[in-house]
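Quick look at upload.txt (compact mmCIF, C-alpha atoms):
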# COMPACT_ATOMS: atom_id res chain seq x y z
CA MET A 1110 43.14 -9.65 -27.58
CA PRO A 1111 40.90 -7.67 -29.95
CA ILE A 1112 42.48 -6.27 -33.07
CA LYS A 1113 42.54 -2.47 -33.14
CA ARG A 1114 40.97 -0.92 -36.19
CA ALA A 1115 42.87 1.68 -38.16
CA PRO A 1116 41.58 5.24 -37.80
CA ARG A 1117 38.93 6.23 -40.30
CA THR A 1118 41.19 8.91 -41.75
CA VAL A 1119 43.81 6.30 -42.62
CA GLY A 1120 41.21 4.09 -44.26
CA ALA A 1121 39.79 7.00 -46.21
CA GLY A 1122 43.28 7.98 -47.32
CA LEU A 1123 43.94 4.47 -48.61
CA VAL A 1124 40.66 4.51 -50.53
CA VAL A 1125 41.44 7.88 -52.11
CA ALA A 1126 44.97 6.75 -52.99
CA SER A 1127 43.60 3.60 -54.62
CA VAL A 1128 41.11 5.60 -56.67
CA VAL A 1129 43.82 8.03 -57.80
CA ILE A 1130 46.16 5.20 -58.82
CA PHE A 1131 43.35 3.44 -60.71
CA ALA A 1132 42.38 6.65 -62.52
CA TRP A 1133 46.03 7.35 -63.34
CA ARG A 1134 46.51 3.91 -64.88
CA ALA A 1135 43.28 4.18 -66.83
CA ALA A 1136 44.27 7.58 -68.20
CA ALA A 1137 47.74 6.33 -69.08
CA ASN A 1138 46.27 3.39 -71.01
CA TRP A 1139 43.85 5.68 -72.82
CA TYR A 1140 46.38 8.40 -73.64
CA PRO A 1141 49.96 7.93 -72.35
CA GLY A 1142 50.87 11.54 -73.11
CA TRP A 1143 48.26 12.76 -70.64
CA ALA A 1144 49.93 10.91 -67.77
CA LEU A 1145 53.31 12.45 -68.65
CA LEU A 1146 51.78 15.92 -68.83
CA ALA A 1147 50.04 15.44 -65.49
CA ALA A 1148 53.28 14.27 -63.86
CA ALA A 1149 55.15 17.29 -65.21
CA SER A 1150 52.40 19.58 -63.93
CA VAL A 1151 52.60 18.07 -60.44
CA VAL A 1152 56.39 18.51 -60.35
CA LEU A 1153 56.01 22.11 -61.52
CA LEU A 1154 53.40 22.89 -58.86
CA ILE A 1155 55.56 21.37 -56.13
CA GLY A 1156 58.53 23.42 -57.31
CA LEU A 1157 56.49 26.62 -57.32
CA ALA A 1158 55.18 25.87 -53.83
CA LEU A 1159 58.71 25.34 -52.51
CA LEU A 1160 59.97 28.55 -54.11
CA THR A 1161 57.03 30.46 -52.66
CA ARG A 1162 57.72 29.02 -49.22
CA ARG A 1163 61.39 29.97 -49.48
CA ALA A 1164 60.59 33.53 -50.53
CA LEU A 1165 58.07 33.87 -47.69
CA LEU A 1166 60.57 32.74 -45.06
CA ARG A 1167 63.22 35.07 -46.45
CA ARG A 1168 60.82 38.00 -46.18
CA ARG A 1169 59.96 36.93 -42.65
CA ALA A 1170 63.66 36.85 -41.76
CA VAL A 1171 64.15 40.37 -43.11
CA ALA A 1172 61.07 41.55 -41.20
CA TRP A 1173 62.31 39.84 -38.01
CA ALA A 1174 65.70 41.54 -38.32
CA GLY A 1175 64.17 44.95 -38.94
CA ASP A 1176 61.65 44.70 -36.11
CA ALA A 1177 64.33 43.57 -33.63
CA GLY A 1178 66.80 46.29 -34.61
CA TRP A 1179 69.33 44.11 -36.42
CA THR A 1180 71.52 45.69 -39.10
CA ALA A 1181 72.49 43.74 -42.20
CA ALA A 1182 76.19 42.84 -42.34
CA GLY A 1183 78.05 41.79 -45.44
CA GLU A 1184 78.95 38.12 -45.68
CA SER A 1185 82.60 39.06 -46.19
CA SER A 1186 82.58 42.25 -44.12
CA ARG A 1187 84.78 40.73 -41.43
CA PRO A 1188 86.97 37.68 -40.76
CA TRP A 1189 84.96 34.87 -39.22
CA PRO A 1190 86.45 33.16 -36.14
CA TRP A 1191 85.93 29.61 -37.44
CA GLN A 1192 87.97 30.07 -40.62
CA GLU A 1193 91.28 29.25 -38.93
CA LEU A 1194 89.79 26.01 -37.58
CA ARG A 1195 88.93 24.73 -41.06
CA LEU A 1196 91.27 21.99 -42.28
CA ARG A 1197 89.19 20.88 -45.27
CA GLY A 1198 85.93 21.52 -47.04
CA ASP A 1199 84.25 24.86 -47.53
CA ILE A 1200 82.39 27.30 -45.27
CA ARG A 1201 80.12 30.02 -46.62
CA VAL A 1202 78.10 32.71 -44.84
CA THR A 1203 75.04 33.59 -46.93
CA ARG A 1204 73.51 36.35 -44.78
CA ALA A 1205 74.28 38.06 -41.50
CA TRP A 1206 72.97 40.71 -39.13
CA THR A 1207 74.51 42.52 -36.18
CA ARG A 1208 73.30 44.46 -33.13
CA GLU A 1209 73.92 44.85 -29.42
CA VAL A 1210 72.09 42.34 -27.22
CA ASP A 1211 72.23 42.48 -23.43
CA GLY A 1212 75.09 44.94 -23.68
CA LEU A 1213 77.24 42.71 -25.93
CA PRO A 1214 77.91 42.99 -29.68
CA VAL A 1215 76.27 40.05 -31.44
CA THR A 1216 76.34 38.89 -35.05
CA THR A 1217 74.09 36.11 -36.31
CA GLY A 1218 73.26 34.68 -39.69
CA GLU A 1219 73.04 31.67 -41.97
CA ILE A 1220 76.03 29.45 -42.66
CA HIS A 1221 76.62 26.56 -45.08
CA TRP A 1222 79.46 24.06 -44.97
CA THR A 1223 80.70 21.03 -46.90
CA GLY A 1224 83.42 18.39 -46.68
CA GLY A 1225 83.55 18.19 -42.89
CA ALA A 1226 84.75 21.78 -42.64
CA LEU A 1227 83.17 22.19 -39.19
CA ALA A 1228 84.29 18.87 -37.71
CA GLY A 1229 84.08 18.99 -33.93
CA LEU A 1230 81.66 21.90 -34.03
CA VAL A 1231 78.80 20.01 -35.71
CA LEU A 1232 78.19 16.34 -36.48
CA ALA A 1233 77.13 16.61 -40.12
CA ARG A 1234 79.87 16.75 -42.76
CA ALA A 1235 77.74 19.11 -44.82
CA GLY A 1236 74.70 21.18 -44.06
CA ARG A 1237 73.21 24.51 -43.17
CA GLY A 1238 72.72 26.24 -39.87
CA VAL A 1239 72.64 29.39 -37.78
CA PHE A 1240 75.79 30.93 -36.35
CA VAL A 1241 76.20 33.41 -33.51
CA VAL A 1242 79.31 35.44 -32.72
CA VAL A 1243 79.37 37.32 -29.39
CA GLY A 1244 82.01 39.93 -28.64
CA LEU A 1245 83.33 39.43 -25.11
CA PRO A 1246 83.89 42.36 -22.72
CA ARG A 1247 87.37 41.24 -21.69
CA PRO A 1248 90.19 39.10 -23.06
CA VAL A 1249 90.16 35.42 -22.10
CA PRO A 1250 92.23 32.43 -23.26
CA GLU A 1251 91.16 30.41 -26.27
CA MET A 1252 88.94 27.51 -25.26
CA GLY A 1253 85.90 25.54 -26.30
CA LEU A 1254 83.58 22.60 -25.90
CA ARG A 1255 83.68 20.31 -28.92
CA LEU A 1256 81.68 17.30 -29.96
CA PRO A 1257 81.07 14.73 -28.76
CA TYR A 1258 82.08 16.03 -25.31
CA ARG A 1259 85.62 17.38 -25.28
CA PHE A 1260 86.94 20.53 -23.64
CA VAL A 1261 89.69 22.52 -25.36
CA GLY A 1262 91.87 24.85 -23.30
CA ASP A 1263 92.47 25.02 -19.58
CA TRP A 1264 90.51 28.04 -18.34
CA PRO A 1265 88.98 26.97 -14.99
CA ARG A 1266 85.41 28.15 -15.55
CA GLN A 1267 84.91 26.27 -18.80
CA THR A 1268 84.51 22.98 -16.94
CA ASP A 1269 82.18 24.29 -14.22
CA PRO A 1270 79.41 21.81 -13.36
CA GLU A 1271 76.78 24.29 -14.60
CA VAL A 1272 78.44 24.46 -18.01
CA ARG A 1273 78.74 20.68 -18.24
CA GLN A 1274 75.14 20.08 -17.20
CA ALA A 1275 73.73 22.72 -19.54
CA PHE A 1276 75.49 21.07 -22.47
CA LEU A 1277 74.39 17.56 -21.49
CA ASP A 1278 70.81 18.82 -21.10
CA GLY A 1279 70.90 20.39 -24.57
CA LEU A 1280 70.51 23.93 -23.24
CA ILE A 1281 73.67 25.17 -24.94
CA ALA A 1282 75.48 24.18 -28.11
CA PRO A 1283 79.17 23.37 -28.63
CA TRP A 1284 81.04 26.66 -28.34
CA THR A 1285 84.43 28.16 -29.06
CA VAL A 1286 86.23 31.25 -27.77
CA ARG A 1287 88.81 32.78 -30.10
CA GLY A 1288 90.12 36.30 -30.56
CA GLY A 1289 87.93 37.84 -27.88
CA GLU A 1290 84.73 36.32 -29.27
CA LEU A 1291 82.55 33.34 -28.46
CA PHE A 1292 80.81 31.64 -31.36
CA THR A 1293 78.35 28.80 -31.80
CA ILE A 1294 77.03 27.05 -34.90
CA GLU A 1295 73.80 25.08 -34.73
CA PRO A 1296 72.64 22.93 -37.68
CA GLN A 1297 69.07 23.42 -38.85
CA GLY A 1298 66.90 20.81 -40.53
CA GLY A 1299 64.12 21.23 -43.06
CA LEU A 1300 64.17 22.55 -46.58
CA PHE A 1301 64.20 26.19 -45.50
CA LEU A 1302 65.43 28.10 -42.47
CA ASP A 1303 62.77 29.41 -40.10
CA PRO A 1304 63.53 32.98 -38.91
CA ALA A 1305 62.72 31.94 -35.33
CA ALA A 1306 65.92 29.88 -35.38
CA PHE A 1307 68.04 33.05 -35.31
CA ASP A 1308 66.49 34.38 -32.11
CA ARG A 1309 66.61 30.96 -30.45
CA THR A 1310 70.27 30.41 -31.31
CA VAL A 1311 71.26 33.90 -30.13
CA ARG A 1312 69.66 33.27 -26.76
CA ARG A 1313 71.44 29.94 -26.38
CA ALA A 1314 74.80 31.53 -27.20
CA LEU A 1315 74.21 34.30 -24.66
CA ARG A 1316 73.34 31.65 -22.09
CA THR A 1317 76.77 30.13 -22.72
CA VAL A 1318 78.46 33.50 -22.19
CA ALA A 1319 76.58 33.91 -18.91
CA LEU A 1320 77.47 30.41 -17.69
CA LEU A 1321 81.14 31.18 -18.35
CA HIS A 1322 80.79 34.43 -16.36
CA LEU A 1323 81.94 36.49 -19.32
CA THR A 1324 79.20 39.11 -19.37
CA GLN A 1325 81.08 41.70 -17.27
CA PRO A 1326 84.44 43.38 -18.00
CA ASN A 1327 86.06 42.67 -14.63
CA ARG A 1328 84.26 39.66 -13.24
Starting from the coordinates I provided, produce the structure as structure tokens.
Amino acid sequence: MPIKRAPRTVGAGLVVASVVIFAWRAAANWYPGWALLAAASVVLLIGLALLTRRALLRRRAVAWAGDAGWTAAGESSRPWPWQELRLRGDIRVTRAWTREVDGLPVTTGEIHWTGGALAGLVLARAGRGVFVVVGLPRPVPEMGLRLPYRFVGDWPRQTDPEVRQAFLDGLIAPWTVRGGELFTIEPQGGLFLDPAAFDRTVRRALRTVALLHLTQPNR
């Protein structure tokens, strides 16, 4: 069986890396202080690039909210429905917006947690994500779908086959209904939060409300 050759780009990358390492060692032997200065400069440039990226995404998030008609809400402007579920750790909302979507009041924003504060709602003990809180048009019992796959409460519709399948297919996130609201929290990877995650998470939460037949006052 013939041996496959590595792509030319990989070979070129290895050559460039070898040249850079050789030049670095030569410079360090000639003047050690130069190597230290170069390393500090690289770290500084990377830091500036990350800060620039973060600022850009924050501006994009503000622009997204304004264009879509979202209104900024204070991080402590209201009690959050997950606070009473916290047994340990810390939960912090860093920014939030609110508006009416599909006839329902919706609040979304960025959330951070530590120490397993969201156990059952997310897998990671600490992290960052997007939350969505949807005001429901009628009172319903407290219930939820927790990780890894556990239903809480005994309302009949919460275990409908459509709800189960949507969760297993990854179309909806774990959800909780408390105090006349449904909320979801979805962890987000990467160094910075992409504004598109807010819109995506809102749509997934509204899909959950629809699957539970909670979009109408008297249905």
Each region 1220-1299 of chain A residue no farther than 8 Å from region 1310-1317 of chain A, nearest pair in Å, all atoms listed in the file, as a Markdown table:
| residue | atom | partner | partner_atom | distance |
| --- | --- | --- | --- | --- |
| A:Val1239 | CA | A:Thr1310 | CA | 7.0 |
| A:Phe1240 | CA | A:Thr1310 | CA | 7.5 |
| A:Val1241 | CA | A:Val1311 | CA | 6.0 |
| A:Val1243 | CA | A:Leu1315 | CA | 7.6 |
| A:Val1272 | CA | A:Thr1317 | CA | 7.6 |
| A:Leu1280 | CA | A:Arg1313 | CA | 6.8 |
| A:Ile1281 | CA | A:Arg1313 | CA | 5.5 |
| A:Ala1282 | CA | A:Arg1313 | CA | 7.2 |
| A:Trp1284 | CA | A:Thr1317 | CA | 7.9 |
| A:Phe1292 | CA | A:Ala1314 | CA | 7.3 |
| A:Thr1293 | CA | A:Ala1314 | CA | 6.4 |
| A:Glu1295 | CA | A:Thr1310 | CA | 7.3 |
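Considering all atoms listed in the file, the residue among A:Thr1268, A:Glu1219, A:Pro1257, A:Gly1244 positioned nearest to Arg1287 (chain A) is A:Gly1244.
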Work out how far apart CA of Pro1214 (chain A) and CA of Gly1262 (chain A) are and give it in Å to one decimal.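 Computing it gives 23.8 Å between the two atoms.
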Could you list, as a PyMOL selection string, every residue within 12 Å of region 1180-1190 of chain A, counting only C-alpha atoms and ignoring same-chain residues fewer than 4 positions away? chain A and resi 1170-1176+1194-1195+1200-1209+1214-1221+1227+1240-1244+1251+1284-1294
Report, in Å with one decimal, the straight-line distance from CA of Leu1196 (chain A) to CA of Tyr1258 (chain A). 20.2 Å
Output as JSON the centre and edge lengths (Å, one decimal) of the box along x, y and z of the file that holds every listed atom of region 1238-1247 of chain A after adding 6 Å on each side.
{"center_x": 80.0, "center_y": 34.3, "center_z": -30.8, "size_x": 26.7, "size_y": 28.1, "size_z": 30.2}
Residue with smallest distance to Leu1230 (chain A) - pool A:Arg1247, A:Glu1193, A:Gly1212, A:Pro1283, counting all atoms listed in the file: A:Pro1283
Using all atoms listed in the file, find the one residue out of A:His1322, A:Arg1309, A:Arg1197, A:Arg1273 that sits nearest to Gly1224 (chain A).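 Answer, going by the shortest atom-to-atom distance: A:Arg1197.
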Given all atoms listed in the file as the counted atoms, nearest of A:Trp1222, A:Gly1236, A:Val1249, A:Trp1191 to Thr1324 (chain A): A:Val1249
Measuring atom to atom with all atoms listed in the file, identify which of A:Ala1226, A:Leu1320, A:Leu1302, A:Leu1213 is nearest to Glu1271 (chain A). A:Leu1320
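Minimum atom-to-atom distances from A:Val1210, A:Gly1279, A:Asn1327, A:Pro1270 to Ala1177 (chain A) were compared using only C-alpha atoms, and the lowest value belongs to A:Val1210.
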